[in-house]
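J.: Mind looking over this structure? Questions follow.
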Amino acid sequence: MAATSANPTSLGVDAHSDPLSAPTHSSADAPECHIIQHEHASVTPTCSCSSKETKSLVSASTSSSLTGCSKHTAEGYFVPKNVLVGYVMLVTVIIAMIALVTGFAVRSSCGLAALSSTEALLALNGSSSRSGAAVERPRDIRLPVDVFPVHYRLELRPVLNPDFRFYGEVDVVFMCKTPVRSLTLHMKDLAVNESMIGFTADENNDAPKMLNWKEDRVRQFLTFTFKADLLPGVKYNVSLKFSGKLNDELRGFYRSKYERDGTTSWLATTQFQPTDARRVFPCFDEPIFKATFDITVVRPANMISISNMEVMRQDTRAENLVADVYNRTLPMSTYLLVIVVCDFTNKEKVADNGVKVRVWTRPDALAQGEFALDVAVQMLTHFENYFGIPFPLSKFGKRSALQVYSHQEILRANLIAVPDFIAGAMENWGAAVFREGMMLYDAELSPASSKQLIAIVVAHEVAHQWFGNLVTPKWWDTLWLNEGFASFLEYHGVDFAFPTWQMSQMFVIENIHDTFESDALNTSHAIQLPVYHPDEIGEIFDRISYGKGCSLIRMMRHFLGEETLKKGLKSYLTAFSYSNAEQDDLWRHLTEAGRQDGKYIDVKMVMDSWTLQMGYPVITITQDYSSKNVRVYQQHFFIEPETSASSAERSESGFAWHVPLTMITASDRNYDKPKQLWLSKENKTVNELLSPQNEWILVNVRQTGYYRVNYDERNWKLLITQLNTDRMKIDVINRAQIVNDALTLARYGDSWDFFLNEEADRSSEIASHCSAAYLDYAIAFSTTEYLIGEQDFLPWVSCLKALEFVDAMLQSSEHYGLLKAYILRQLRPIYIILGWGDSSTDSHIQQISPNLKSVVYCNAIRYGNAEEWDFAWEMYKKTTTTSEKRQFLTSLTCSREPWILNRLLEWSLTSVHIRKQDGDLVMSLIAQNPVGRYLAWNFFRERWNEIRLRYAGVIGGLGHLINALTRSFNTPFELLELETFITDNQDTMTLGQRAFRQAVEKARANIGWRKRNLAAIVKWLENIRR
């Protein structure tokens, strides 16, 4: 396999000539609380949406699609041997389904007179003039900046079965920057005991009288008004007692359960990111408001509690209760606070840096936590060395700001696996919480892909201890600084711990290629954008913040160099430790680090062009083979340009980038030190770049840049010839890039009028190339022919992932058999070479039986009857191994019986055996089943109100589900159904708005694709079959 991508150390440009040279309040059902009638401020509503990017757990093996190599699979990724063989088996099985597939009548095409797409999108934005439009949400929901917290004293007592409530009291110590007469906190769904509200000042000052308090449920505010000014320099304290529901919504303070020895064991746990601490106690619930916390957790004597710090003492309380009093925390944001009350057990190891690390699981799963424990121990040491900064919670007193906490000893870092958790994991400082499937690994039963996924997730959360916890964004508009860096560093860490896994190569598939599609939508968004309401905040936990964020950091590492990047990051983290920062702060430190290393790059100028506007460019390379000139252009790449602004309008709107280009030629294949130059934002054309003398050019070496590359037809054919004659002369990452770029460029069309009009003397060859599509499908498919002899994993994954779209578009077509026959022909040789046997020399994936379970289970269900399905259902309910449970659940969606699938859809909402966190997974997988595609869509529409309430405000819920249900829509009839549903339900469509807009855009693009490309693809497949 290819080595890790090179890190250019210098751009070799003159500092003076280079353009980049730098110079809701709930019902009061708590008996001890009296709720007064609250005043409500008048509000002007606005509207937004919610969706969080999590690591999806959809299993590709259970999908009837040919492909499914996305990062979002329960199995993760398989190295060459077993996965490629698995694809052969899947393709072979799918052939047997052709009669069923073709038995489904293609949905008829209908007119779109009922509703235009424009009207639907206006409705989603709350702009419709129809009566009953959705109530808009307020955007003025930020707390005043002239009041800030200093310290919290918080006590919580959860009451599990049967009450499922919690009771608490809090002292909020705060100060003012200027004289004020009010204090505003965040609060939602809490019952406040009015008679127990107190207000005091520090011992040297008098506290003014509190006049009143009121709750603004729309803005989630709790405001206190005083008779006289609160003065700067004085510490004030507001004391409150309150209660709330220990909910089952997987946010705030919620309940979870598991079965143990035939009985139900309950636990209480928290999830506060981004804005749900306010559901548990009144607080300053914004990341900029850091403060220290003294936490006390009151729990039954037969249970334990876990929080961010270590228990300082335990006090006995009445009614067989114990109060765990925790050491004071570091200054931190409210969303990083965690409290768990459970009956878990733990195992501990000591990292090389002396930090004690513990994993907490249900008692019968402790052995399954050992792998995550080993990874966490390695990651703590690795990231300390990488940043040159000790684990932030190692010791108090190391930094002057913390010397007052000298009582604190070395902290133990905790990893907690809970049965119900909506995200993959959460980086709570010192006590990260994980979904069980992201932390528990059984070497005998779990597929090796689960091992890889767990390593990735653990590394991600450990990296957050520095990026996100030590230094926190001031506001959620720079969320990508948290998630982008953690996503980048997770690969860095796992590559360090498990070098044979080649994770640096997998980064390209799992992040760059995976993010390209959503970022090519007209409904994409800038990686940094204004967000206001909590639902808007939740919406940006998506592939843009995660996948694009880490891809841009990887690109930055290559144009700055690894050591310069590390130097800048250390300077940045040191300067803003235990505080907050913005992206300009990072750019400043990286620019200075570059100057110190002799690299005069204005990082802000470069990176603003990538973070402050959506999308990415396609770089087009055209050669004049007679004059040996090479022209380079950049253009905003859109999924469906015809529905977007014209090329000229896009140019005028500033969609251009400072692009770090790298390139090699057939005669100069220096992959470690390629030729480098900048394509500036202002200059879109570079003349006389190279003199290749009739040989191929390859741009974006090892795909270090976040852009696609297109060539003139002659260069494409030269590259294809090289692949067919000696593929090893092209790096494995670039082989994957060539196939993926080609199939994607052929998928999308564009007018190219901007470039044709820019230069009247353009040659006829270039004019011919700039036609109605980026690339002809005949050329794109020709890049896949060489794969018949390809034995590396990466190009195959890249190809199959790109072909997922073609597969989805043809699945209900009479031509589907042509595509399956071609894929089978390409896979047969690698199948013969690899076979099904296991080998002791295989790296990473050696557990053939666990790896094949999902394929075996799925096909047993697919070709079995109700008896086989019921058997698998019982096994799903009985197994206590998380990965095994997931394999059974995903396999249950493979049935070809509509009544069984409809029953499973119903159970996804109502069965006590399907956890809430898995319900949307079941619906998504059934939507990928050809038999279940319309069953899932109809179920979603019929049960919309129940589904939207079930996942309301839960990060990672509706967005992924909407995409899974609608991604293959490609007929006018399906588009009409989608738009009609949006219009009919706009009054309740407060969540998932961006996902619905993207669904409409994708459906229109898919319809256009079928019109443009279906005939050409069928012709090519028919010719290759001959």
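The way I read the labels, and the way they are meant: chains A, B, ... in the order of the structure tokens, residue 1 as the first residue of every chain, and ligand 1 as the first ligand shown, with later ones counted on from there.
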May I have the residues within 6 Å of segment 317-328 of chain A as JSON, numbers by chain, using only C-alpha atoms and disregarding those fewer than 5 positions away in the same chain?

T.: {"A": [293, 294, 295, 296, 297, 298, 299, 300, 301, 309, 310, 311, 312]}

J.: Give me, as a PyMOL selection string, all polymer residues having an atom no more than 8 Å from segment 377-389 of chain A, counting only C-alpha atoms and skipping those fewer than 6 positions away in the same chain.

T.: chain A and resi 349-353+357+459+462-463+493+496-497+566+569-570+574

J.: I want to know what sits within 9 Å of Cys858 of chain A, based on only C-alpha atoms, with residues of the same chain fewer than 3 positions away left out; could you give that as number ranges by chain?

T.: A: 61-63, 853-855, 861-863, 887-888, 890-895

J.: Nearest residue to Gly198 of chain A out of A:Ile982, A:Met210, A:Ile553, A:Leu800, using only C-alpha atoms?

T.: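 The answer is A:Met210, which sits nearest to Gly198 of chain A.
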
J.: List as a list in words the protein and nucleic acid residues near Arg588 of chain A, meaning an atom at most 10 Å away when only C-alpha atoms are counted, but skip any in the same chain fewer than 3 places from it.

T.: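 The contact residues come out as Gly568, Tyr572, Gln583, Asp584, Asp585, Thr591, Glu592, Ala593, Gly594, Asp602, Val603 and Lys604 of chain A.
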
J.: Can you write out the residues you just picked, keeping all heavy atoms, as an mmCIF file, in the first residue's frame?

T.:
```
data_model
loop_
_atom_site.group_PDB
_atom_site.id
_atom_site.type_symbol
_atom_site.label_atom_id
_atom_site.label_comp_id
_atom_site.auth_asym_id
_atom_site.auth_seq_id
_atom_site.Cartn_x
_atom_site.Cartn_y
_atom_site.Cartn_z
ATOM 1 N N GLY A 568 2.025 25.929 15.304
ATOM 2 C CA GLY A 568 0.936 26.897 15.386
ATOM 3 C C GLY A 568 -0.171 26.439 16.324
ATOM 4 O O GLY A 568 -0.741 27.247 17.071
ATOM 5 N N TYR A 572 -1.479 28.304 19.711
ATOM 6 C CA TYR A 572 -2.898 28.653 19.823
ATOM 7 C C TYR A 572 -3.506 28.069 21.095
ATOM 8 O O TYR A 572 -4.186 28.777 21.861
ATOM 9 C CB TYR A 572 -3.620 28.138 18.579
ATOM 10 C CG TYR A 572 -5.122 28.092 18.644
ATOM 11 C CD1 TYR A 572 -5.888 29.235 18.453
ATOM 12 C CD2 TYR A 572 -5.786 26.879 18.865
ATOM 13 C CE1 TYR A 572 -7.279 29.182 18.492
ATOM 14 C CE2 TYR A 572 -7.166 26.813 18.898
ATOM 15 C CZ TYR A 572 -7.911 27.964 18.715
ATOM 16 O OH TYR A 572 -9.276 27.903 18.750
ATOM 17 N N GLN A 583 -12.014 31.514 14.875
ATOM 18 C CA GLN A 583 -11.118 30.967 13.870
ATOM 19 C C GLN A 583 -10.015 31.963 13.489
ATOM 20 O O GLN A 583 -8.895 31.552 13.168
ATOM 21 C CB GLN A 583 -11.880 30.501 12.639
ATOM 22 C CG GLN A 583 -12.466 31.552 11.744
ATOM 23 C CD GLN A 583 -13.035 30.931 10.464
ATOM 24 O OE1 GLN A 583 -13.399 29.765 10.411
ATOM 25 N NE2 GLN A 583 -13.119 31.733 9.422
ATOM 26 N N ASP A 584 -10.283 33.257 13.551
ATOM 27 C CA ASP A 584 -9.227 34.229 13.247
ATOM 28 C C ASP A 584 -8.056 34.127 14.226
ATOM 29 O O ASP A 584 -6.908 34.411 13.869
ATOM 30 C CB ASP A 584 -9.790 35.655 13.260
ATOM 31 C CG ASP A 584 -10.543 35.991 11.978
ATOM 32 O OD1 ASP A 584 -10.572 35.130 11.076
ATOM 33 O OD2 ASP A 584 -11.081 37.103 11.887
ATOM 34 N N ASP A 585 -8.346 33.728 15.459
ATOM 35 C CA ASP A 585 -7.259 33.524 16.427
ATOM 36 C C ASP A 585 -6.342 32.395 15.967
ATOM 37 O O ASP A 585 -5.115 32.495 16.053
ATOM 38 C CB ASP A 585 -7.834 33.195 17.806
ATOM 39 C CG ASP A 585 -8.698 34.309 18.363
ATOM 40 O OD1 ASP A 585 -8.298 35.481 18.235
ATOM 41 O OD2 ASP A 585 -9.775 34.011 18.909
ATOM 42 N N THR A 591 -0.261 31.598 10.967
ATOM 43 C CA THR A 591 0.516 32.492 10.106
ATOM 44 C C THR A 591 1.855 32.825 10.745
ATOM 45 O O THR A 591 2.901 32.812 10.085
ATOM 46 C CB THR A 591 -0.277 33.785 9.823
ATOM 47 O OG1 THR A 591 -1.480 33.455 9.122
ATOM 48 C CG2 THR A 591 0.541 34.749 8.980
ATOM 49 N N GLU A 592 1.829 33.088 12.048
ATOM 50 C CA GLU A 592 3.071 33.411 12.743
ATOM 51 C C GLU A 592 4.011 32.207 12.775
ATOM 52 O O GLU A 592 5.231 32.349 12.610
ATOM 53 C CB GLU A 592 2.760 33.880 14.167
ATOM 54 C CG GLU A 592 3.985 34.218 15.004
ATOM 55 C CD GLU A 592 4.868 35.282 14.377
ATOM 56 O OE1 GLU A 592 4.340 36.163 13.665
ATOM 57 O OE2 GLU A 592 6.101 35.234 14.606
ATOM 58 N N ALA A 593 3.454 31.023 12.985
ATOM 59 C CA ALA A 593 4.295 29.822 12.973
ATOM 60 C C ALA A 593 4.936 29.627 11.605
ATOM 61 O O ALA A 593 6.112 29.246 11.498
ATOM 62 C CB ALA A 593 3.465 28.596 13.344
ATOM 63 N N GLY A 594 4.183 29.939 10.545
ATOM 64 C CA GLY A 594 4.747 29.849 9.204
ATOM 65 C C GLY A 594 5.872 30.832 8.990
ATOM 66 O O GLY A 594 6.910 30.502 8.406
ATOM 67 N N ASP A 602 -0.355 33.960 4.171
ATOM 68 C CA ASP A 602 -1.414 34.587 4.949
ATOM 69 C C ASP A 602 -2.522 33.551 5.122
ATOM 70 O O ASP A 602 -3.366 33.372 4.248
ATOM 71 C CB ASP A 602 -1.932 35.829 4.231
ATOM 72 C CG ASP A 602 -2.917 36.626 5.083
ATOM 73 O OD1 ASP A 602 -3.568 36.015 5.947
ATOM 74 O OD2 ASP A 602 -3.017 37.851 4.873
ATOM 75 N N VAL A 603 -2.484 32.830 6.231
ATOM 76 C CA VAL A 603 -3.418 31.725 6.439
ATOM 77 C C VAL A 603 -4.856 32.211 6.453
ATOM 78 O O VAL A 603 -5.758 31.553 5.929
ATOM 79 C CB VAL A 603 -3.071 30.969 7.735
ATOM 80 C CG1 VAL A 603 -4.084 29.858 8.010
ATOM 81 C CG2 VAL A 603 -1.669 30.383 7.648
ATOM 82 N N LYS A 604 -5.102 33.372 7.037
ATOM 83 C CA LYS A 604 -6.469 33.897 7.063
ATOM 84 C C LYS A 604 -6.981 34.145 5.644
ATOM 85 O O LYS A 604 -8.127 33.790 5.311
ATOM 86 C CB LYS A 604 -6.539 35.184 7.878
ATOM 87 C CG LYS A 604 -7.902 35.873 7.828
ATOM 88 C CD LYS A 604 -7.950 37.102 8.710
ATOM 89 C CE LYS A 604 -9.208 37.918 8.458
ATOM 90 N NZ LYS A 604 -10.451 37.132 8.630
#
```

J.: Skip Lys474 of chain A itself and residues of its chain fewer than 6 positions away, then list as number ranges by chain all residues within 7 Å of it, counting only C-alpha atoms.

T.: A: 287-288, 580-582

J.: Near Gly233 of chain A, within 8 Å and counting only C-alpha atoms, which residues show up once chain neighbours fewer than 3 positions away are dropped, as a PyMOL selection string?

T.: chain A and resi 175-177

J.: Excluding Phe224 of chain A and its own-chain neighbours fewer than 4 positions away, which residues fall within 12 Å of it when counting only C-alpha atoms? Please give them as number ranges by chain.

T.: A: 38-39, 180-186, 197-199, 208-216, 230, 238-240, 282

J.: Rounded to one decimal place, report the atom CA of Glu348 of chain A-atom CA of Trp501 of chain A distance in Å.

T.: 26.4 Å
